[in-house]
Amino acid sequence: MSSSRQTPPSMDVWLKEAKAHESAPKIGMYLTHNGTVRQTARARVRQGDTSAKPVTGMRFSYDREKLDAVIADTYRMEGIYYIRVWLNEGLLEPGDDIMYVLLGGDIRPHVIDGLQYLVSRIKSECVTETELY
């Protein structure tokens, strides 16, 4: 399968940069999310459709303006002080990275809620994923 996927960032570098950022003194927790292309079809995982064929690839793209708006909304949540997002693009294969998200905030409940909110909105509003079989 020919691919135009992007090179993912280094989470170690991201964390080092986050801890050097001006917001670092307010942050008590960082959470990361690394979404990948899975071989099991969405219909099988979410709806239990056992007839769903295995995924051989995915076309993935995103809307930068929508992503920026979702990030801005997430920054308005209580206790959220640092966000970094990377999204892949192109034709991806099972195991390829779809997204990396790093979110920092003051306390665990705020950070967990912030990450859940951010990733859910990215997946539902910003990206286009087409599974290939």
# chains A, B, ... in the order shown; residues from 1 in each chain; ligands from 1
>>> residues_around(residues="range 111-121 of chain A", least_positions_apart="6", cutoff="12 Å", atoms="only C-alpha atoms", output="ChimeraX atom specification")
/A:27-35,66-87,98-105,127
>>> select_by_dssp(residues="chain A", states="alpha helix (DSSP H)", output="VMD selection string")
chain A and resid 11 to 20 42 to 47 64 to 75 108 to 121
>>> select_by_dssp(residues="chain A", states="strand (DSSP E or B)", output="PDB file with C-alpha atoms, in the first residue's frame")
ATOM      1  CA  MET A  29      -0.134  16.205  35.556  1.00  0.00           C
ATOM      2  CA  TYR A  30       0.389  15.535  31.867  1.00  0.00           C
ATOM      3  CA  LEU A  31      -1.604  12.935  29.963  1.00  0.00           C
ATOM      4  CA  THR A  32      -0.869  11.645  26.484  1.00  0.00           C
ATOM      5  CA  HIS A  33      -2.961   9.949  23.855  1.00  0.00           C
ATOM      6  CA  ASN A  34      -1.564   8.019  20.887  1.00  0.00           C
ATOM      7  CA  GLY A  35      -4.275   6.849  18.510  1.00  0.00           C
ATOM      8  CA  THR A  36      -3.305   4.220  15.939  1.00  0.00           C
ATOM      9  CA  GLY A  57      -5.687   0.765   5.593  1.00  0.00           C
ATOM     10  CA  MET A  58      -7.273   4.125   6.286  1.00  0.00           C
ATOM     11  CA  ARG A  59      -7.534   7.448   4.497  1.00  0.00           C
ATOM     12  CA  PHE A  60      -7.107  10.116   7.156  1.00  0.00           C
ATOM     13  CA  SER A  61      -7.389  13.897   6.952  1.00  0.00           C
ATOM     14  CA  TYR A  62      -8.404  16.787   9.182  1.00  0.00           C
ATOM     15  CA  ILE A  80      -6.105  23.094  31.568  1.00  0.00           C
ATOM     16  CA  TYR A  81      -2.869  24.961  30.811  1.00  0.00           C
ATOM     17  CA  TYR A  82      -1.009  23.104  28.062  1.00  0.00           C
ATOM     18  CA  ILE A  83      -2.136  21.374  24.871  1.00  0.00           C
ATOM     19  CA  ARG A  84      -0.230  20.001  21.931  1.00  0.00           C
ATOM     20  CA  VAL A  85      -1.779  18.002  19.084  1.00  0.00           C
ATOM     21  CA  TRP A  86      -0.314  16.267  16.043  1.00  0.00           C
ATOM     22  CA  LEU A  87      -2.537  14.601  13.447  1.00  0.00           C
ATOM     23  CA  GLY A  90      -2.816  10.447   4.046  1.00  0.00           C
ATOM     24  CA  LEU A  91      -3.095   6.748   3.443  1.00  0.00           C
ATOM     25  CA  LEU A  92      -2.284   4.882   6.660  1.00  0.00           C
ATOM     26  CA  ASP A  97      -0.069   6.628  14.234  1.00  0.00           C
ATOM     27  CA  ILE A  98      -3.253   8.651  13.714  1.00  0.00           C
ATOM     28  CA  MET A  99      -2.733  11.250  16.409  1.00  0.00           C
ATOM     29  CA  TYR A 100      -0.654  12.317  19.368  1.00  0.00           C
ATOM     30  CA  VAL A 101      -2.154  14.535  22.060  1.00  0.00           C
ATOM     31  CA  LEU A 102      -0.393  15.958  25.104  1.00  0.00           C
ATOM     32  CA  LEU A 103      -2.459  17.799  27.688  1.00  0.00           C
ATOM     33  CA  GLY A 104      -1.304  19.330  30.967  1.00  0.00           C
ATOM     34  CA  GLY A 105      -3.322  20.680  33.834  1.00  0.00           C
ATOM     35  CA  VAL A 127     -11.120  14.390  11.233  1.00  0.00           C
ATOM     36  CA  THR A 128     -12.241  12.310   8.303  1.00  0.00           C
ATOM     37  CA  GLU A 129     -11.402   8.618   8.597  1.00  0.00           C
ATOM     38  CA  THR A 130     -12.243   6.152   5.836  1.00  0.00           C
ATOM     39  CA  GLU A 131     -11.460   2.542   6.616  1.00  0.00           C
ATOM     40  CA  LEU A 132     -10.240   0.435   3.696  1.00  0.00           C
TER      41      LEU A 132
END
>>> atom_distance(atom1="CA of Ile107 in chain A", atom2="CA of Pro8 in chain A")
27.8 Å
>>> atom_distance(atom1="CA of Glu125 in chain A", atom2="CA of Ala52 in chain A")
24.5 Å
